[in-house]
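Below is run_24.tsv, which holds TSV, C-alpha atoms and all ligand atoms.
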chain	number	residue	atom	x	y	z
A	1	MET	CA	2.86	12.21	24.29
A	2	THR	CA	0.52	9.36	25.15
A	3	THR	CA	1.68	5.93	24.08
A	4	LEU	CA	-0.39	4.37	21.32
A	5	ASP	CA	-1.53	0.78	21.27
A	6	LEU	CA	0.43	-0.47	18.26
A	7	PRO	CA	-0.90	-3.48	16.33
A	8	THR	CA	1.05	-6.75	16.63
A	9	TYR	CA	1.47	-9.87	14.51
A	10	ASP	CA	-1.43	-11.39	16.43
A	11	ASP	CA	-3.66	-8.67	14.92
A	12	VAL	CA	-2.37	-9.61	11.45
A	13	ALA	CA	-3.23	-13.27	12.09
A	14	GLN	CA	-6.76	-12.26	13.20
A	15	ALA	CA	-7.14	-10.04	10.12
A	16	ALA	CA	-6.14	-13.00	7.94
A	17	ARG	CA	-9.05	-15.00	9.40
A	18	ARG	CA	-11.48	-12.10	8.83
A	19	ILE	CA	-10.59	-11.61	5.17
A	20	ALA	CA	-10.26	-15.33	4.32
A	21	GLY	CA	-12.67	-16.33	1.57
A	22	THR	CA	-13.40	-12.68	0.69
A	23	ALA	CA	-10.01	-11.22	-0.27
A	24	ASN	CA	-8.05	-13.08	-2.95
A	25	ARG	CA	-5.08	-15.12	-1.82
A	26	THR	CA	-2.95	-13.58	-4.58
A	27	PRO	CA	-0.35	-15.58	-6.51
A	28	VAL	CA	3.39	-15.51	-5.88
A	29	LEU	CA	4.96	-15.36	-9.35
A	30	THR	CA	8.53	-16.09	-10.40
A	31	SER	CA	10.39	-15.19	-13.58
A	32	ARG	CA	13.43	-16.93	-15.03
A	33	THR	CA	14.44	-13.63	-16.61
A	34	ALA	CA	14.38	-11.91	-13.23
A	35	ASN	CA	16.28	-14.79	-11.59
A	36	GLU	CA	18.95	-14.56	-14.30
A	37	GLU	CA	19.17	-10.77	-14.06
A	38	PHE	CA	19.69	-11.00	-10.28
A	39	ASP	CA	21.55	-14.33	-10.15
A	40	ALA	CA	19.14	-14.95	-7.28
A	41	GLN	CA	15.68	-16.36	-6.56
A	42	VAL	CA	13.05	-13.62	-6.81
A	43	PHE	CA	9.44	-14.00	-5.60
A	44	PHE	CA	6.76	-11.47	-6.61
A	45	LYS	CA	3.67	-11.22	-4.37
A	46	CYS	CA	1.10	-9.99	-6.87
A	47	GLU	CA	-1.40	-7.66	-5.19
A	48	ASN	CA	-2.20	-6.20	-8.59
A	49	MET	CA	-4.38	-9.32	-8.73
A	50	GLN	CA	-6.18	-8.46	-5.47
A	51	ARG	CA	-9.88	-7.48	-5.60
A	52	MET	CA	-10.25	-3.90	-6.88
A	53	GLY	CA	-6.67	-4.10	-8.07
A	54	ALA	CA	-4.55	-3.38	-4.99
A	55	PHE	CA	-3.69	-4.62	-1.48
A	56	LYS	CA	-5.82	-1.83	0.05
A	57	PHE	CA	-8.86	-4.12	0.01
A	58	ARG	CA	-7.23	-6.13	2.82
A	59	GLY	CA	-7.01	-3.25	5.30
A	60	ALA	CA	-10.38	-1.79	4.36
A	61	TYR	CA	-12.24	-5.08	4.72
A	62	ASN	CA	-10.51	-5.90	8.01
A	63	ALA	CA	-11.34	-2.47	9.48
A	64	LEU	CA	-14.98	-2.51	8.38
A	65	SER	CA	-15.48	-6.11	9.59
A	66	LYS	CA	-14.76	-4.92	13.13
A	67	PHE	CA	-17.51	-2.26	13.16
A	68	THR	CA	-20.26	-2.58	15.79
A	69	LEU	CA	-23.88	-2.89	14.63
A	70	GLU	CA	-24.39	0.81	15.32
A	71	GLN	CA	-21.33	1.77	13.26
A	72	ARG	CA	-22.46	-0.49	10.41
A	73	GLN	CA	-25.88	1.13	10.28
A	74	ALA	CA	-24.48	4.67	10.08
A	75	GLY	CA	-21.70	3.68	7.67
A	76	VAL	CA	-18.12	4.62	6.86
A	77	VAL	CA	-16.49	7.77	5.47
A	78	ALA	CA	-13.08	7.97	3.78
A	79	PHE	CA	-11.15	10.61	1.87
A	80	SER	CA	-9.07	9.44	-1.07
A	81	SER	CA	-8.74	9.89	-4.81
A	82	GLY	CA	-7.03	6.55	-5.25
A	83	ASN	CA	-7.13	2.90	-4.31
A	84	HIS	CA	-8.31	3.44	-0.72
A	85	ALA	CA	-11.57	4.96	-2.05
A	86	GLN	CA	-12.35	1.92	-4.14
A	87	ALA	CA	-11.27	-0.44	-1.36
A	88	ILE	CA	-13.60	1.17	1.19
A	89	ALA	CA	-16.50	1.34	-1.30
A	90	LEU	CA	-16.16	-2.36	-2.21
A	91	ALA	CA	-15.65	-3.55	1.38
A	92	ALA	CA	-18.71	-1.53	2.52
A	93	LYS	CA	-20.82	-2.99	-0.27
A	94	LEU	CA	-19.82	-6.55	0.68
A	95	LEU	CA	-20.65	-5.84	4.33
A	96	ASN	CA	-23.95	-4.12	3.47
A	97	MET	CA	-23.12	-0.72	4.87
A	98	PRO	CA	-23.27	2.78	3.36
A	99	ALA	CA	-19.97	4.41	2.31
A	100	THR	CA	-19.25	8.10	1.69
A	101	ILE	CA	-16.01	8.92	-0.14
A	102	VAL	CA	-14.62	12.48	-0.20
A	103	MET	CA	-12.74	13.05	-3.48
A	104	PRO	CA	-11.05	16.10	-5.06
A	105	HIS	CA	-12.83	17.91	-7.91
A	106	ASP	CA	-10.03	16.94	-10.31
A	107	ALA	CA	-10.05	13.20	-9.48
A	108	PRO	CA	-9.96	11.10	-12.69
A	109	ALA	CA	-13.49	10.41	-13.93
A	110	ALA	CA	-12.64	6.69	-14.11
A	111	LYS	CA	-11.85	6.59	-10.38
A	112	VAL	CA	-15.04	8.44	-9.45
A	113	ALA	CA	-17.02	6.06	-11.67
A	114	ALA	CA	-15.30	2.98	-10.18
A	115	THR	CA	-16.05	4.17	-6.64
A	116	GLU	CA	-19.70	4.88	-7.53
A	117	GLY	CA	-19.85	1.56	-9.32
A	118	TYR	CA	-19.15	-0.18	-6.01
A	119	GLY	CA	-22.07	1.75	-4.50
A	120	GLY	CA	-20.05	4.48	-2.77
A	121	LYS	CA	-21.55	7.98	-2.38
A	122	VAL	CA	-18.95	10.45	-3.71
A	123	VAL	CA	-18.69	13.94	-2.17
A	124	ILE	CA	-16.55	16.30	-4.26
A	125	TYR	CA	-14.35	19.02	-2.69
A	126	ASP	CA	-12.07	21.70	-4.10
A	127	ARG	CA	-8.47	20.53	-3.62
A	128	TYR	CA	-7.17	24.11	-3.56
A	129	LYS	CA	-9.78	25.75	-1.31
A	130	GLU	CA	-11.03	23.10	1.08
A	131	ASP	CA	-9.48	20.74	3.60
A	132	ARG	CA	-10.55	17.15	2.96
A	133	GLU	CA	-9.76	15.96	6.46
A	134	GLN	CA	-12.04	18.64	7.88
A	135	ILE	CA	-14.83	17.70	5.44
A	136	GLY	CA	-14.41	14.05	6.42
A	137	ARG	CA	-14.50	14.87	10.10
A	138	GLU	CA	-17.60	17.08	9.69
A	139	LEU	CA	-19.46	14.35	7.80
A	140	ALA	CA	-18.43	11.84	10.44
A	141	HIS	CA	-19.67	14.10	13.22
A	142	LYS	CA	-22.94	15.15	11.55
A	143	HIS	CA	-24.09	11.70	10.41
A	144	GLY	CA	-22.36	9.49	12.95
A	145	LEU	CA	-20.09	7.97	10.31
A	146	THR	CA	-16.83	6.22	11.21
A	147	LEU	CA	-13.77	7.64	9.47
A	148	ILE	CA	-11.27	5.09	8.19
A	149	PRO	CA	-7.98	6.69	7.10
A	150	PRO	CA	-5.87	5.18	4.28
A	151	TYR	CA	-2.92	4.05	6.40
A	152	ASP	CA	-2.72	5.36	9.96
A	153	HIS	CA	-5.09	2.96	11.71
A	154	PRO	CA	-4.29	-0.29	13.60
A	155	ASP	CA	-6.93	-2.36	11.76
A	156	VAL	CA	-5.76	-1.05	8.38
A	157	ILE	CA	-2.12	-1.86	9.19
A	158	ALA	CA	-3.05	-5.36	10.43
A	159	GLY	CA	-5.06	-6.02	7.25
A	160	GLN	CA	-2.23	-4.87	4.97
A	161	GLY	CA	0.15	-7.21	6.83
A	162	THR	CA	-1.74	-10.26	5.57
A	163	ALA	CA	-0.14	-10.01	2.10
A	164	ALA	CA	3.38	-10.52	3.50
A	165	LYS	CA	2.06	-13.27	5.80
A	166	GLU	CA	0.77	-15.17	2.76
A	167	LEU	CA	4.07	-14.63	0.94
A	168	PHE	CA	6.19	-16.12	3.76
A	169	GLU	CA	3.75	-18.99	4.20
A	170	GLU	CA	4.37	-19.85	0.57
A	171	THR	CA	8.12	-19.20	0.24
A	172	GLY	CA	9.42	-19.81	3.76
A	173	PRO	CA	12.01	-17.39	5.18
A	174	LEU	CA	13.63	-14.89	2.75
A	175	ASP	CA	16.94	-12.98	2.83
A	176	ALA	CA	15.56	-9.65	1.63
A	177	PHE	CA	12.09	-8.16	1.10
A	178	PHE	CA	11.18	-4.92	-0.73
A	179	VAL	CA	7.90	-3.12	0.01
A	180	CYS	CA	6.38	0.06	-1.52
A	181	LEU	CA	6.04	2.97	0.90
A	182	GLY	CA	3.52	5.82	0.90
A	183	GLY	CA	2.05	6.54	4.34
A	184	GLY	CA	3.40	3.24	5.62
A	185	GLY	CA	0.35	1.05	6.22
A	186	LEU	CA	1.63	-1.65	3.88
A	187	LEU	CA	5.22	-1.43	5.14
A	188	ALA	CA	4.26	-1.44	8.84
A	189	GLY	CA	1.92	-4.43	8.36
A	190	SER	CA	4.56	-6.23	6.29
A	191	ALA	CA	7.10	-5.53	9.05
A	192	LEU	CA	4.91	-7.28	11.65
A	193	SER	CA	4.64	-10.36	9.44
A	194	THR	CA	8.34	-10.30	8.52
A	195	ARG	CA	9.57	-10.15	12.12
A	196	ALA	CA	7.20	-13.01	13.07
A	197	LEU	CA	7.76	-15.34	10.10
A	198	SER	CA	11.23	-14.50	8.74
A	199	PRO	CA	12.93	-12.59	11.56
A	200	ARG	CA	16.39	-12.37	9.96
A	201	CYS	CA	15.13	-11.09	6.59
A	202	ARG	CA	16.44	-7.62	5.57
A	203	LEU	CA	13.31	-5.49	5.13
A	204	TYR	CA	13.37	-2.39	2.90
A	205	GLY	CA	10.71	0.28	2.34
A	206	VAL	CA	10.88	2.02	-1.04
A	207	GLU	CA	9.78	5.56	-1.92
A	208	PRO	CA	9.98	7.82	-4.98
A	209	GLU	CA	13.16	9.94	-4.99
A	210	SER	CA	11.17	13.17	-5.09
A	211	GLY	CA	9.18	12.25	-1.95
A	212	ASN	CA	11.67	10.74	0.50
A	213	ASP	CA	9.96	11.89	3.69
A	214	GLY	CA	9.93	8.31	4.94
A	215	GLN	CA	13.68	7.97	4.48
A	216	GLN	CA	14.28	11.30	6.23
A	217	SER	CA	11.95	10.30	9.07
A	218	PHE	CA	13.52	6.86	9.42
A	219	ARG	CA	17.03	8.27	9.60
A	220	SER	CA	16.28	11.27	11.83
A	221	GLY	CA	13.92	9.52	14.24
A	222	ALA	CA	11.04	12.00	13.92
A	223	ILE	CA	8.18	12.26	11.40
A	224	VAL	CA	9.22	14.65	8.61
A	225	HIS	CA	6.51	16.49	6.60
A	226	ILE	CA	7.04	17.44	2.93
A	227	GLU	CA	5.04	19.12	0.14
A	228	THR	CA	3.06	16.73	-2.10
A	229	PRO	CA	5.85	15.20	-4.23
A	230	LYS	CA	5.81	15.21	-8.03
A	231	THR	CA	6.13	11.61	-9.20
A	232	ILE	CA	4.32	9.13	-11.42
A	233	ALA	CA	3.91	6.95	-8.31
A	234	ASP	CA	0.56	8.49	-7.35
A	235	GLY	CA	-0.05	5.97	-4.56
A	236	ALA	CA	3.07	7.24	-2.77
A	237	GLN	CA	2.35	10.98	-2.97
A	238	THR	CA	1.90	11.12	0.78
A	239	GLN	CA	3.37	13.99	2.80
A	240	HIS	CA	4.26	12.15	5.98
A	241	LEU	CA	4.22	8.81	7.82
A	242	GLY	CA	1.62	8.20	10.51
A	243	GLN	CA	1.60	8.02	14.30
A	244	TYR	CA	1.03	4.26	14.15
A	245	THR	CA	3.06	3.43	11.05
A	246	PHE	CA	6.22	5.36	11.96
A	247	PRO	CA	7.12	3.64	15.27
A	248	ILE	CA	6.62	0.18	13.74
A	249	ILE	CA	8.73	1.09	10.69
A	250	ARG	CA	11.47	2.59	12.87
A	251	ARG	CA	11.56	-0.51	15.06
A	252	ASP	CA	11.25	-3.30	12.48
A	253	VAL	CA	12.51	-2.04	9.09
A	254	ASP	CA	16.21	-2.18	8.10
A	255	ASP	CA	16.31	0.77	5.71
A	256	ILE	CA	14.32	2.97	3.32
A	257	GLN	CA	15.51	3.24	-0.31
A	258	THR	CA	14.43	5.61	-3.09
A	259	VAL	CA	14.08	5.17	-6.88
A	260	SER	CA	13.47	7.50	-9.84
A	261	ASP	CA	10.39	7.71	-12.07
A	262	ASP	CA	12.51	6.42	-14.98
A	263	GLU	CA	13.35	3.28	-13.06
A	264	LEU	CA	9.62	2.77	-12.36
A	265	VAL	CA	8.86	2.99	-16.08
A	266	GLN	CA	11.55	0.36	-16.79
A	267	CYS	CA	9.81	-1.94	-14.31
A	268	ILE	CA	6.32	-1.33	-15.76
A	269	ARG	CA	7.78	-2.45	-19.10
A	270	PHE	CA	9.51	-5.48	-17.57
A	271	PHE	CA	6.28	-6.63	-15.90
A	272	ALA	CA	4.26	-6.22	-19.11
A	273	GLU	CA	6.81	-7.70	-21.47
A	274	ARG	CA	8.35	-10.49	-19.42
A	275	MET	CA	5.69	-11.45	-16.91
A	276	LYS	CA	2.53	-10.43	-18.82
A	277	ILE	CA	1.15	-8.49	-15.88
A	278	VAL	CA	-0.12	-4.90	-15.53
A	279	VAL	CA	1.45	-3.01	-12.62
A	280	GLU	CA	0.82	0.65	-11.75
A	281	PRO	CA	3.83	2.95	-11.19
A	282	THR	CA	3.58	2.82	-7.37
A	283	GLY	CA	3.43	-0.98	-7.52
A	284	CYS	CA	6.90	-1.01	-9.13
A	285	LEU	CA	8.77	0.70	-6.26
A	286	GLY	CA	9.92	-2.52	-4.59
A	287	PHE	CA	11.22	-4.17	-7.75
A	288	ALA	CA	12.99	-0.99	-8.88
A	289	ALA	CA	14.92	-0.75	-5.59
A	290	ALA	CA	15.85	-4.44	-5.69
A	291	ARG	CA	17.24	-3.95	-9.21
A	292	ARG	CA	19.37	-1.08	-7.97
A	293	MET	CA	20.80	-3.31	-5.23
A	294	LYS	CA	21.12	-6.50	-7.24
A	295	ASP	CA	24.89	-6.84	-6.76
A	296	LYS	CA	24.25	-7.32	-3.06
A	297	LEU	CA	21.49	-9.85	-3.66
A	298	LYS	CA	23.44	-12.51	-5.59
A	299	GLY	CA	22.53	-16.02	-4.52
A	300	LYS	CA	19.84	-14.73	-2.13
A	301	ARG	CA	16.10	-15.38	-1.81
A	302	VAL	CA	14.35	-12.09	-2.47
A	303	GLY	CA	10.68	-11.05	-1.98
A	304	ILE	CA	9.07	-8.18	-3.89
A	305	LEU	CA	5.66	-6.81	-2.96
A	306	VAL	CA	3.87	-5.75	-6.16
A	307	SER	CA	1.24	-3.51	-4.55
A	308	GLY	CA	-1.29	-2.72	-7.29
A	309	GLY	CA	-2.27	-2.61	-10.94
A	310	ASN	CA	-4.71	0.28	-11.31
A	311	ILE	CA	-3.58	2.38	-14.24
A	312	ASP	CA	-5.70	3.55	-17.14
A	313	LEU	CA	-4.83	2.03	-20.45
A	314	ALA	CA	-3.97	5.31	-22.20
A	315	ARG	CA	-1.40	6.12	-19.51
A	316	LEU	CA	-0.05	2.56	-19.59
A	317	SER	CA	0.36	2.62	-23.35
A	318	GLY	CA	2.28	5.91	-23.03
A	319	PHE	CA	4.78	4.24	-20.68
A	320	LEU	CA	5.05	1.13	-22.86
A	321	ALA	CA	5.63	3.14	-26.06
A	322	ARG	CA	8.55	5.17	-24.65
A	401	LIG	C1	-1.66	3.06	-1.16
A	401	LIG	C2	-0.71	2.38	-2.05
A	401	LIG	C3	0.66	2.26	-1.70
A	401	LIG	C4	1.24	2.85	-0.45
A	401	LIG	O1	0.67	2.28	0.70
A	401	LIG	P1	0.83	2.94	2.14
A	401	LIG	O2	0.15	2.02	3.06
A	401	LIG	O3	0.21	4.31	2.07
A	401	LIG	O4	2.30	3.06	2.39
A	401	LIG	C5	1.49	1.55	-2.55
A	401	LIG	N1	1.01	1.01	-3.71
A	401	LIG	C6	-0.28	1.12	-4.08
A	401	LIG	C7	-0.71	0.50	-5.35
A	401	LIG	C8	-1.19	1.80	-3.26
A	401	LIG	O5	-2.48	1.90	-3.62
Show the structure stored in the file as structure tokens.
Amino acid sequence: MTTLDLPTYDDVAQAARRIAGTANRTPVLTSRTANEEFDAQVFFKCENMQRMGAFKFRGAYNALSKFTLEQRQAGVVAFSSGNHAQAIALAAKLLNMPATIVMPHDAPAAKVAATEGYGGKVVIYDRYKEDREQIGRELAHKHGLTLIPPYDHPDVIAGQGTAAKELFEETGPLDAFFVCLGGGGLLAGSALSTRALSPRCRLYGVEPESGNDGQQSFRSGAIVHIETPKTIADGAQTQHLGQYTFPIIRRDVDDIQTVSDDELVQCIRFFAERMKIVVEPTGCLGFAAARRMKDKLKGKRVGILVSGGNIDLARLSGFLAR
């Protein structure tokens, strides 16, 4: 295997300069109720308050900012039914370049509309009959578009790392830090910032119980592939870690934890009721794992990355009414 050029903290610092003034510097919230529950100091980095509602804007904007003039003129292509689609569409609009987003035929109408609302051109494919990666690659080849994947790309990882960088700049070093894990762009980027700014902090990635490919990969030392997991955490329904994200996670993360869908619902309710914020199921992974481990966190300074808040209101009200 050829060795890949992995991104470093220096790339995160450069990404922070590129996104400054365009991405929101999101708030770090605290809650007395959470501090009392944990008997610790808990800091929530609120990426649900990022532009388009999730941290993915950071990686998308960083990646697109680095395009050459030629790449800008042809535009970007991405495949996603979730937050990456909206992030790419918005970043492309702000940088005046065309964006094509490949989405499954059964993607929620609201997500298609949001992506089109940012000026993205949506190409629909049949989830059961067609291969989206192949469609993306064909479009890229035919029209000279640059494909930006949702997590396995050095510029995406570096961009995602800027959220943790901002957190540590605000709180100083922490004892433990919990980060949501899908394909690992957010966790790998957070790991670069953690090792640079709070080297002794225990860093945990958190996955849904039903999709623990990251945990299996981390513990076995090779990327494990699984079927698309069934979970309410739709942002973490990934089947495997990436070639760039895995080696960084293996090197810099302390462990990967898992939580159940029920625990995620408890956290959605906590965020709404106690902190007055809307968090999507995937955005609750970090907090749910910290709650499970709270006996070990007594007296500590704990960071939680709240990754996003995109959930439609009907679905949210279902979780709140339970
Ligand atoms: C994409 C996403 C994740 C997972 O991020 P990865 O970089 O794929 O690990 C977590 N939370 C939300 C809200 C997301 O949109």
Kindly compile the residues surrounding ligand LIG 401 (chain A) within 6 Å, counting all atoms listed in the file, and format them as a list in words.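 With all atoms listed in the file and a cut-off of 6 Å, ligand LIG 401 (chain A) is contacted by Ala54, Asn83, Tyr151, Cys180, Leu181, Gly182, Gly183, Gly184, Gly185, Leu186, Gly235, Ala236, Thr282, Gly283, Ser307 and Gly308 of chain A.
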Please measure the separation of CA of Gln50 (chain A) and CA of Gly309 (chain A), giving the value in Å to one decimal. 8.9 Å
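Using all atoms listed in the file, the nearest neighbour of Gln237 (chain A) within the list A:Phe271, A:Thr26, A:Glu169, A:Pro281 is A:Pro281.
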All file atoms of region 252-260 of chain A boxed axis-aligned, 8 Å per side, centre plus edges, as AutoDock Vina command-line options:
--center_x 13.8 --center_y 2.1 --center_z 1.3 --size_x 21.1 --size_y 26.8 --size_z 38.3
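Distance check against Ser260 (chain A) using all atoms listed in the file: of A:Thr231, A:Arg274, A:Val279, A:Arg195, the minimum falls on A:Thr231.
For the set A:Arg127, A:Gly75, A:Thr162, A:Leu167, the residue with the smallest atom-to-atom gap to Ala140 (chain A) is A:Gly75, counting all atoms listed in the file.
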Nearest residue to Cys46 (chain A) out of A:Pro173, A:Gly318, A:Pro27, A:Gly299, using all atoms listed in the file?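 Nearest to Cys46 (chain A): A:Pro27.
Considering the residues A:Thr258, A:Ala188, A:Lys111, A:Ser65 and counting all atoms listed in the file, Gly242 (chain A) has its shortest atom-to-atom contact with A:Ala188.
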Quote the spacing between CA of Gly21 (chain A) and CA of Ala158 (chain A) in Å to one decimal place. 17.1 Å
Can you work out the spacing between CA of Glu47 (chain A) and CA of Thr68 (chain A) in Å, to one decimal? 28.7 Å
Restricting the calculation to all atoms listed in the file: of A:Lys296, A:Asn310, A:Ser31, A:Leu174, which residue gets closest to Phe55 (chain A)?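 Selected residue with least distance to Phe55 (chain A): A:Asn310.
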At a cut-off of 12 Å, using only C-alpha atoms, what residues contact Lys276 (chain A)? Leave out same-chain residues fewer than 5 positions from it and give the result as a PyMOL selection string. chain A and resi 29-31+268-271
Selection: 10 Å around Arg291 (chain A), all atoms listed in the file, excl. self and same-chain fewer than 5 positions, as an mmCIF file with C-alpha atoms, keeping the file's coordinate frame:
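So the final result, stored in selection-v1.cif, reads:
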data_model
loop_
_atom_site.group_PDB
_atom_site.id
_atom_site.type_symbol
_atom_site.label_atom_id
_atom_site.label_comp_id
_atom_site.auth_asym_id
_atom_site.auth_seq_id
_atom_site.Cartn_x
_atom_site.Cartn_y
_atom_site.Cartn_z
ATOM 1 C CA ALA A 34 14.380 -11.910 -13.230
ATOM 2 C CA GLU A 37 19.170 -10.770 -14.060
ATOM 3 C CA PHE A 38 19.690 -11.000 -10.280
ATOM 4 C CA VAL A 259 14.080 5.170 -6.880
ATOM 5 C CA GLU A 263 13.350 3.280 -13.060
ATOM 6 C CA CYS A 267 9.810 -1.940 -14.310
ATOM 7 C CA GLY A 286 9.920 -2.520 -4.590
ATOM 8 C CA LYS A 296 24.250 -7.320 -3.060
ATOM 9 C CA LEU A 297 21.490 -9.850 -3.660
#
Give me the residues within 9 Å of Thr22 (chain A) as an MDAnalysis selection string, counting all atoms listed in the file and dropping any in the same chain fewer than 3 places off. chainID A and resid 18:19 51 61 94
I'd like the neighbourhood of Arg250 (chain A) as a PyMOL selection string, where a residue qualifies if any of its atoms comes within 8 Å (using all atoms listed in the file), though same-chain residues fewer than 4 positions away should be ignored. chain A and resi 218+221+246
Gln257 (chain A) environment, 8 Å, only C-alpha atoms, sequence neighbours closer than 2 positions dropped, as an mmCIF file with C-alpha atoms, keeping the file's coordinate frame:
data_model
loop_
_atom_site.group_PDB
_atom_site.id
_atom_site.type_symbol
_atom_site.label_atom_id
_atom_site.label_comp_id
_atom_site.auth_asym_id
_atom_site.auth_seq_id
_atom_site.Cartn_x
_atom_site.Cartn_y
_atom_site.Cartn_z
ATOM 1 C CA TYR A 204 13.370 -2.390 2.900
ATOM 2 C CA GLY A 205 10.710 0.280 2.340
ATOM 3 C CA VAL A 206 10.880 2.020 -1.040
ATOM 4 C CA GLU A 207 9.780 5.560 -1.920
ATOM 5 C CA GLN A 215 13.680 7.970 4.480
ATOM 6 C CA ASP A 255 16.310 0.770 5.710
ATOM 7 C CA VAL A 259 14.080 5.170 -6.880
ATOM 8 C CA ALA A 289 14.920 -0.750 -5.590
#
